[in-house]
Amino acid sequence: MESSHSDKTQQGNYFFLIFALLLLVLFTLELLSVVQTHIVNPWTYFLSKIGAAIILLFDDGVIAYQQVIQNTETGFAVAIAPGCNGIEAVIVLLAAILAYPATIKDKLLGISIGIIAIQLMNIVRIISLFYLGQYNETLFDWAHSYIWQALIMLDVLIVYLFWLRRINKSANA
Amino acid sequence: MHETSLLLFIVKVVVLFLLLLLLYYWASPYLLLFLAKGTESVLIELYPGFIESITLKNYQFEVVTFFEIANIKGAQLAFDINPLKYTYGFPLFVALTIASNSRWMDKLWYSLIAFFITLLFQIWGVGFDTIRHLLFEFNGAYAAYFDYADFTKNAISLASQLGFLIFPSLIPVILWGYFENQYVLTLVGVKK
């Protein structure tokens, strides 16, 4: 009983160590200029295009260029900055899934579904901020700086908990 | 525990978080004093002669330095930092804890401990943001005072980004997972 408890503690410590290391490595990689140029910036531009395309379905008069979505009538624009492209949230999920002992197939499934879930939520964030910014600046600041930051992390948590639940189900089956 | 319970838990967390964030904002003139004093002490210790004070004014930290603004004799360089960008994680932790099934007394203790642990990461965030301001803003006018190599500058930039983009939302979730680990096990179906 005692050794099982210490085994679990050791497993927990091991998980946390790997998680923290992966987080640091992936986050450092993200900040490298070569990664910014070839992955982060193109992804951010792509996100603004997707955001604008969705907005155009119900609201014409919107354009997207580089990381900016702009209302052509009012001139109001939002720029998707670092931290708003969902990449940091993906990095946290990636580190947590990779650090957990599971099969490669389960990890790949968790990562794929997780990236989709996070980026879908992120597009909702971008569109909501685009409209909030035109409606009320204070609300925009709150939503942008605090509320959506927490909601995206909660999204990561939900995906991770569902993934762990699935892993445990298949392990018990 | 069914999937619906997990979703119900998240809905509870989101509603509680929004309410607690408002409450936190209302109480922040008092709660943020710990962060202002803590960051001020650390920076004065690490950079004596650089930082004069960090004070809370209208929900913003005013950082006053000993640097003189170029071409304005006697004018000290000062700038603002928004502390709430680093501290919204504490209400998130309390929301996660209230939505879990531990005893109320335990929730209270966990929240108190989490307040001080998150405070350390908040000091990290505001501290590195202050240094980042002096190193990279104001057209680099004050960077020479630090005499840092490129590697150190990059490390400070990384630390500042971690303190702003990752720690405020991730640390509360990690702390919640640690304190409420038995509840997490029920959420993921390991425990009934």
# chains A, B, ... in the order shown; residues from 1 in each chain; ligands from 1
>>> residues_around(residues="region 132-142 of chain A", least_positions_apart="2", cutoff="10 Å", atoms="only C-alpha atoms", output="PyMOL selection string")
(chain A and resi 71+74-78+126-130+144-149) or (chain B and resi 21+84-85)
>>> closest_atom_pairs(of="chain A", to="chain B", cutoff="6 Å", atoms="only C-alpha atoms", output="tab-separated table")
residue	atom	partner	partner_atom	distance
A:Ser145	CA	B:Lys85	CA	6.0
A:Ala150	CA	B:Ser169	CA	5.6
A:Leu161	CA	B:Val188	CA	5.8
A:Leu164	CA	B:Val188	CA	5.8
A:Arg165	CA	B:Val188	CA	4.2
>>> write_last_selection(atoms="N, CA and C atoms", output="PDB file, in the first residue's frame")
ATOM      1  N   SER A 145      -8.211  40.976 -22.148  1.00  0.00           N
ATOM      2  CA  SER A 145      -7.061  40.803 -21.250  1.00  0.00           C
ATOM      3  C   SER A 145      -7.275  39.760 -20.159  1.00  0.00           C
ATOM      4  N   ALA A 150      -8.612  33.337 -19.652  1.00  0.00           N
ATOM      5  CA  ALA A 150      -8.995  32.258 -18.730  1.00  0.00           C
ATOM      6  C   ALA A 150      -9.854  31.216 -19.451  1.00  0.00           C
ATOM      7  N   LEU A 161      -9.184  16.875 -19.698  1.00  0.00           N
ATOM      8  CA  LEU A 161      -9.954  15.999 -18.803  1.00  0.00           C
ATOM      9  C   LEU A 161     -10.734  14.954 -19.614  1.00  0.00           C
ATOM     10  N   LEU A 164      -8.219  12.379 -20.761  1.00  0.00           N
ATOM     11  CA  LEU A 164      -7.842  11.469 -19.664  1.00  0.00           C
ATOM     12  C   LEU A 164      -8.968  10.467 -19.393  1.00  0.00           C
ATOM     13  N   ARG A 165     -10.207  10.962 -19.448  1.00  0.00           N
ATOM     14  CA  ARG A 165     -11.361  10.098 -19.209  1.00  0.00           C
ATOM     15  C   ARG A 165     -11.415   8.982 -20.271  1.00  0.00           C
TER      16      ARG A 165
END
>>> select_by_dssp(residues="region 2-190 of chain B", states="strand (DSSP E or B)", output="PyMOL selection string")
chain B and resi 51-57+60-68+76-81
>>> residues_around(residues="Ile51 (chain B)", least_positions_apart="5", cutoff="6 Å", atoms="only C-alpha atoms", output="ChimeraX atom specification")
/B:44,65-66
>>> atom_distance(atom1="CA of His38 (chain A)", atom2="CA of His133 (chain B)")
27.2 Å
>>> select_by_dssp(residues="region 34-136 of chain A", states="helix (DSSP H, G or I)", output="PyMOL selection string")
chain A and resi 34-56+87-99+104-135
>>> residues_around(residues="region 83-98 of chain A", least_positions_apart="5", cutoff="6 Å", atoms="only C-alpha atoms", output="short mmCIF file (atom, residue, chain, number, x, y, z; two decimals) with N, CA and C atoms, in the first residue's frame")
data_model
loop_
_atom_site.label_atom_id
_atom_site.label_comp_id
_atom_site.auth_asym_id
_atom_site.auth_seq_id
_atom_site.Cartn_x
_atom_site.Cartn_y
_atom_site.Cartn_z
N PHE A 19 6.30 17.72 -18.00
CA PHE A 19 5.36 18.75 -18.45
C PHE A 19 6.03 20.12 -18.44
N LEU A 22 8.83 20.32 -21.13
CA LEU A 22 8.26 20.44 -22.47
C LEU A 22 7.69 21.83 -22.71
N LEU A 23 7.04 22.35 -21.69
CA LEU A 23 6.44 23.68 -21.77
C LEU A 23 7.52 24.72 -22.08
N THR A 44 -1.13 32.98 -37.89
CA THR A 44 -1.89 34.15 -37.41
C THR A 44 -2.62 34.82 -38.59
#
>>> residues_around(residues="region 100-107 of chain A", least_positions_apart="3", cutoff="10 Å", atoms="only C-alpha atoms", output="list in words")
Gln11, Gly12, Tyr14, Phe15, Phe16, Ile18, Phe19, Leu94, Ala95, Ala96, Ile97, Gly110, Ile111, Ser112, Trp163, Leu164, Arg166, Ile167, Asn168, Ser170 and Ala171 of chain A
>>> write_last_selection(atoms="C-alpha atoms", output="mmCIF file, in the first residue's frame")
data_model
loop_
_atom_site.group_PDB
_atom_site.id
_atom_site.type_symbol
_atom_site.label_atom_id
_atom_site.label_comp_id
_atom_site.auth_asym_id
_atom_site.auth_seq_id
_atom_site.Cartn_x
_atom_site.Cartn_y
_atom_site.Cartn_z
ATOM 1 C CA GLN A 11 4.702 9.170 -11.266
ATOM 2 C CA GLY A 12 3.059 12.500 -10.470
ATOM 3 C CA TYR A 14 7.773 12.652 -13.139
ATOM 4 C CA PHE A 15 4.729 13.856 -15.082
ATOM 5 C CA PHE A 16 5.076 17.359 -13.699
ATOM 6 C CA ILE A 18 8.334 16.396 -18.068
ATOM 7 C CA PHE A 19 5.361 18.751 -18.454
ATOM 8 C CA LEU A 94 0.730 19.431 -26.157
ATOM 9 C CA ALA A 95 3.060 19.415 -23.138
ATOM 10 C CA ALA A 96 0.363 17.914 -20.875
ATOM 11 C CA ILE A 97 -0.566 15.153 -23.360
ATOM 12 C CA GLY A 110 -5.776 13.958 -28.137
ATOM 13 C CA ILE A 111 -3.439 16.422 -29.839
ATOM 14 C CA SER A 112 -5.461 16.510 -33.095
ATOM 15 C CA TRP A 163 -8.888 12.904 -23.053
ATOM 16 C CA LEU A 164 -7.842 11.469 -19.664
ATOM 17 C CA ARG A 166 -11.169 8.375 -22.602
ATOM 18 C CA ILE A 167 -7.733 6.914 -21.808
ATOM 19 C CA ASN A 168 -8.994 5.536 -18.500
ATOM 20 C CA SER A 170 -10.101 2.224 -22.750
ATOM 21 C CA ALA A 171 -7.609 1.060 -20.092
#
>>> atom_distance(atom1="CA of Glu45 (chain B)", atom2="CA of Tyr25 (chain B)")
29.0 Å
>>> residues_around(residues="Gln76 (chain B)", least_positions_apart="5", cutoff="6 Å", atoms="only C-alpha atoms", output="PDB file with N, CA and C atoms, in the first residue's frame")
ATOM      1  N   PHE B  67      15.831  56.785 -13.426  1.00  0.00           N
ATOM      2  CA  PHE B  67      16.377  57.283 -14.695  1.00  0.00           C
ATOM      3  C   PHE B  67      15.781  58.659 -15.022  1.00  0.00           C
ATOM      4  N   GLU B  68      16.603  59.454 -15.616  1.00  0.00           N
ATOM      5  CA  GLU B  68      16.128  60.781 -16.012  1.00  0.00           C
ATOM      6  C   GLU B  68      15.669  60.717 -17.471  1.00  0.00           C
ATOM      7  N   ILE B  69      14.557  61.371 -17.764  1.00  0.00           N
ATOM      8  CA  ILE B  69      14.093  61.396 -19.152  1.00  0.00           C
ATOM      9  C   ILE B  69      15.038  62.288 -19.954  1.00  0.00           C
TER      10      ILE B  69
END
>>> atom_distance(atom1="CA of Val126 (chain B)", atom2="CA of Gly49 (chain B)")
18.3 Å
>>> decode(residues="region 42-80 of chain A", atoms="N, CA and C atoms", output="PDB file, in the first residue's frame")
ATOM      1  N   PRO A  42       2.408  32.943 -40.384  1.00  0.00           N
ATOM      2  CA  PRO A  42       1.443  32.429 -41.373  1.00  0.00           C
ATOM      3  C   PRO A  42       0.160  31.925 -40.713  1.00  0.00           C
ATOM      4  N   TRP A  43       0.312  31.273 -39.549  1.00  0.00           N
ATOM      5  CA  TRP A  43      -0.881  30.769 -38.855  1.00  0.00           C
ATOM      6  C   TRP A  43      -1.776  31.930 -38.400  1.00  0.00           C
ATOM      7  N   THR A  44      -1.133  32.978 -37.890  1.00  0.00           N
ATOM      8  CA  THR A  44      -1.893  34.146 -37.413  1.00  0.00           C
ATOM      9  C   THR A  44      -2.623  34.817 -38.588  1.00  0.00           C
ATOM     10  N   TYR A  45      -1.943  34.933 -39.743  1.00  0.00           N
ATOM     11  CA  TYR A  45      -2.586  35.531 -40.925  1.00  0.00           C
ATOM     12  C   TYR A  45      -3.766  34.652 -41.367  1.00  0.00           C
ATOM     13  N   PHE A  46      -3.533  33.342 -41.345  1.00  0.00           N
ATOM     14  CA  PHE A  46      -4.590  32.400 -41.744  1.00  0.00           C
ATOM     15  C   PHE A  46      -5.807  32.552 -40.827  1.00  0.00           C
ATOM     16  N   LEU A  47      -5.540  32.712 -39.519  1.00  0.00           N
ATOM     17  CA  LEU A  47      -6.638  32.872 -38.544  1.00  0.00           C
ATOM     18  C   LEU A  47      -7.465  34.118 -38.837  1.00  0.00           C
ATOM     19  N   SER A  48      -6.760  35.214 -39.180  1.00  0.00           N
ATOM     20  CA  SER A  48      -7.497  36.454 -39.459  1.00  0.00           C
ATOM     21  C   SER A  48      -8.337  36.292 -40.722  1.00  0.00           C
ATOM     22  N   LYS A  49      -7.822  35.556 -41.704  1.00  0.00           N
ATOM     23  CA  LYS A  49      -8.584  35.296 -42.939  1.00  0.00           C
ATOM     24  C   LYS A  49      -9.839  34.472 -42.618  1.00  0.00           C
ATOM     25  N   ILE A  50      -9.654  33.424 -41.781  1.00  0.00           N
ATOM     26  CA  ILE A  50     -10.791  32.563 -41.404  1.00  0.00           C
ATOM     27  C   ILE A  50     -11.825  33.395 -40.644  1.00  0.00           C
ATOM     28  N   GLY A  51     -11.324  34.203 -39.682  1.00  0.00           N
ATOM     29  CA  GLY A  51     -12.224  35.042 -38.891  1.00  0.00           C
ATOM     30  C   GLY A  51     -13.038  35.966 -39.785  1.00  0.00           C
ATOM     31  N   ALA A  52     -12.338  36.620 -40.733  1.00  0.00           N
ATOM     32  CA  ALA A  52     -13.020  37.545 -41.643  1.00  0.00           C
ATOM     33  C   ALA A  52     -14.011  36.794 -42.523  1.00  0.00           C
ATOM     34  N   ALA A  53     -13.628  35.606 -42.993  1.00  0.00           N
ATOM     35  CA  ALA A  53     -14.522  34.818 -43.866  1.00  0.00           C
ATOM     36  C   ALA A  53     -15.808  34.453 -43.124  1.00  0.00           C
ATOM     37  N   ILE A  54     -15.686  34.104 -41.841  1.00  0.00           N
ATOM     38  CA  ILE A  54     -16.883  33.755 -41.051  1.00  0.00           C
ATOM     39  C   ILE A  54     -17.745  34.996 -40.834  1.00  0.00           C
ATOM     40  N   ILE A  55     -17.088  36.115 -40.508  1.00  0.00           N
ATOM     41  CA  ILE A  55     -17.848  37.358 -40.282  1.00  0.00           C
ATOM     42  C   ILE A  55     -18.596  37.758 -41.564  1.00  0.00           C
ATOM     43  N   LEU A  56     -17.937  37.552 -42.716  1.00  0.00           N
ATOM     44  CA  LEU A  56     -18.554  37.936 -44.005  1.00  0.00           C
ATOM     45  C   LEU A  56     -19.839  37.157 -44.301  1.00  0.00           C
ATOM     46  N   LEU A  57     -19.998  36.013 -43.663  1.00  0.00           N
ATOM     47  CA  LEU A  57     -21.220  35.214 -43.877  1.00  0.00           C
ATOM     48  C   LEU A  57     -22.464  35.981 -43.411  1.00  0.00           C
ATOM     49  N   PHE A  58     -22.302  36.834 -42.398  1.00  0.00           N
ATOM     50  CA  PHE A  58     -23.481  37.559 -41.893  1.00  0.00           C
ATOM     51  C   PHE A  58     -23.265  39.075 -41.836  1.00  0.00           C
ATOM     52  N   ASP A  59     -22.098  39.532 -42.233  1.00  0.00           N
ATOM     53  CA  ASP A  59     -21.809  40.961 -42.121  1.00  0.00           C
ATOM     54  C   ASP A  59     -20.790  41.338 -43.197  1.00  0.00           C
ATOM     55  N   ASP A  60     -21.275  41.974 -44.292  1.00  0.00           N
ATOM     56  CA  ASP A  60     -20.281  42.355 -45.312  1.00  0.00           C
ATOM     57  C   ASP A  60     -19.600  43.657 -44.865  1.00  0.00           C
ATOM     58  N   GLY A  61     -18.574  44.022 -45.548  1.00  0.00           N
ATOM     59  CA  GLY A  61     -17.849  45.226 -45.143  1.00  0.00           C
ATOM     60  C   GLY A  61     -16.725  44.925 -44.173  1.00  0.00           C
ATOM     61  N   VAL A  62     -16.157  43.724 -44.305  1.00  0.00           N
ATOM     62  CA  VAL A  62     -15.022  43.353 -43.454  1.00  0.00           C
ATOM     63  C   VAL A  62     -13.887  42.868 -44.345  1.00  0.00           C
ATOM     64  N   ILE A  63     -12.677  43.307 -44.024  1.00  0.00           N
ATOM     65  CA  ILE A  63     -11.525  42.806 -44.783  1.00  0.00           C
ATOM     66  C   ILE A  63     -10.469  42.273 -43.814  1.00  0.00           C
ATOM     67  N   ALA A  64      -9.618  41.405 -44.338  1.00  0.00           N
ATOM     68  CA  ALA A  64      -8.513  40.886 -43.521  1.00  0.00           C
ATOM     69  C   ALA A  64      -7.212  41.050 -44.285  1.00  0.00           C
ATOM     70  N   TYR A  65      -6.210  41.593 -43.625  1.00  0.00           N
ATOM     71  CA  TYR A  65      -4.878  41.650 -44.220  1.00  0.00           C
ATOM     72  C   TYR A  65      -3.871  41.380 -43.112  1.00  0.00           C
ATOM     73  N   GLN A  66      -2.875  40.566 -43.464  1.00  0.00           N
ATOM     74  CA  GLN A  66      -1.918  40.065 -42.470  1.00  0.00           C
ATOM     75  C   GLN A  66      -2.682  39.585 -41.224  1.00  0.00           C
ATOM     76  N   GLN A  67      -2.374  40.157 -40.026  1.00  0.00           N
ATOM     77  CA  GLN A  67      -3.058  39.651 -38.832  1.00  0.00           C
ATOM     78  C   GLN A  67      -4.209  40.559 -38.413  1.00  0.00           C
ATOM     79  N   VAL A  68      -4.667  41.408 -39.343  1.00  0.00           N
ATOM     80  CA  VAL A  68      -5.675  42.425 -39.004  1.00  0.00           C
ATOM     81  C   VAL A  68      -7.029  42.095 -39.634  1.00  0.00           C
ATOM     82  N   ILE A  69      -8.106  42.276 -38.837  1.00  0.00           N
ATOM     83  CA  ILE A  69      -9.470  42.206 -39.373  1.00  0.00           C
ATOM     84  C   ILE A  69     -10.052  43.603 -39.200  1.00  0.00           C
ATOM     85  N   GLN A  70     -10.571  44.155 -40.293  1.00  0.00           N
ATOM     86  CA  GLN A  70     -11.014  45.548 -40.234  1.00  0.00           C
ATOM     87  C   GLN A  70     -12.422  45.720 -40.785  1.00  0.00           C
ATOM     88  N   ASN A  71     -13.176  46.579 -40.086  1.00  0.00           N
ATOM     89  CA  ASN A  71     -14.491  46.976 -40.572  1.00  0.00           C
ATOM     90  C   ASN A  71     -14.268  48.108 -41.577  1.00  0.00           C
ATOM     91  N   THR A  72     -14.673  47.886 -42.824  1.00  0.00           N
ATOM     92  CA  THR A  72     -14.366  48.885 -43.862  1.00  0.00           C
ATOM     93  C   THR A  72     -15.218  50.147 -43.705  1.00  0.00           C
ATOM     94  N   GLU A  73     -16.373  50.030 -43.028  1.00  0.00           N
ATOM     95  CA  GLU A  73     -17.230  51.214 -42.865  1.00  0.00           C
ATOM     96  C   GLU A  73     -16.708  52.138 -41.761  1.00  0.00           C
ATOM     97  N   THR A  74     -16.430  51.541 -40.579  1.00  0.00           N
ATOM     98  CA  THR A  74     -16.029  52.378 -39.437  1.00  0.00           C
ATOM     99  C   THR A  74     -14.516  52.542 -39.323  1.00  0.00           C
ATOM    100  N   GLY A  75     -13.782  51.653 -39.975  1.00  0.00           N
ATOM    101  CA  GLY A  75     -12.323  51.701 -39.883  1.00  0.00           C
ATOM    102  C   GLY A  75     -11.790  50.959 -38.662  1.00  0.00           C
ATOM    103  N   PHE A  76     -12.717  50.503 -37.793  1.00  0.00           N
ATOM    104  CA  PHE A  76     -12.275  49.786 -36.586  1.00  0.00           C
ATOM    105  C   PHE A  76     -11.571  48.478 -36.988  1.00  0.00           C
ATOM    106  N   ALA A  77     -10.464  48.198 -36.311  1.00  0.00           N
ATOM    107  CA  ALA A  77      -9.713  46.985 -36.657  1.00  0.00           C
ATOM    108  C   ALA A  77      -9.187  46.291 -35.412  1.00  0.00           C
ATOM    109  N   VAL A  78      -9.099  44.965 -35.499  1.00  0.00           N
ATOM    110  CA  VAL A  78      -8.401  44.232 -34.436  1.00  0.00           C
ATOM    111  C   VAL A  78      -7.209  43.518 -35.069  1.00  0.00           C
ATOM    112  N   ALA A  79      -6.093  43.524 -34.351  1.00  0.00           N
ATOM    113  CA  ALA A  79      -4.907  42.804 -34.820  1.00  0.00           C
ATOM    114  C   ALA A  79      -4.703  41.600 -33.914  1.00  0.00           C
ATOM    115  N   ILE A  80      -4.489  40.445 -34.523  1.00  0.00           N
ATOM    116  CA  ILE A  80      -4.280  39.229 -33.719  1.00  0.00           C
ATOM    117  C   ILE A  80      -2.808  39.206 -33.288  1.00  0.00           C
TER     118      ILE A  80
END
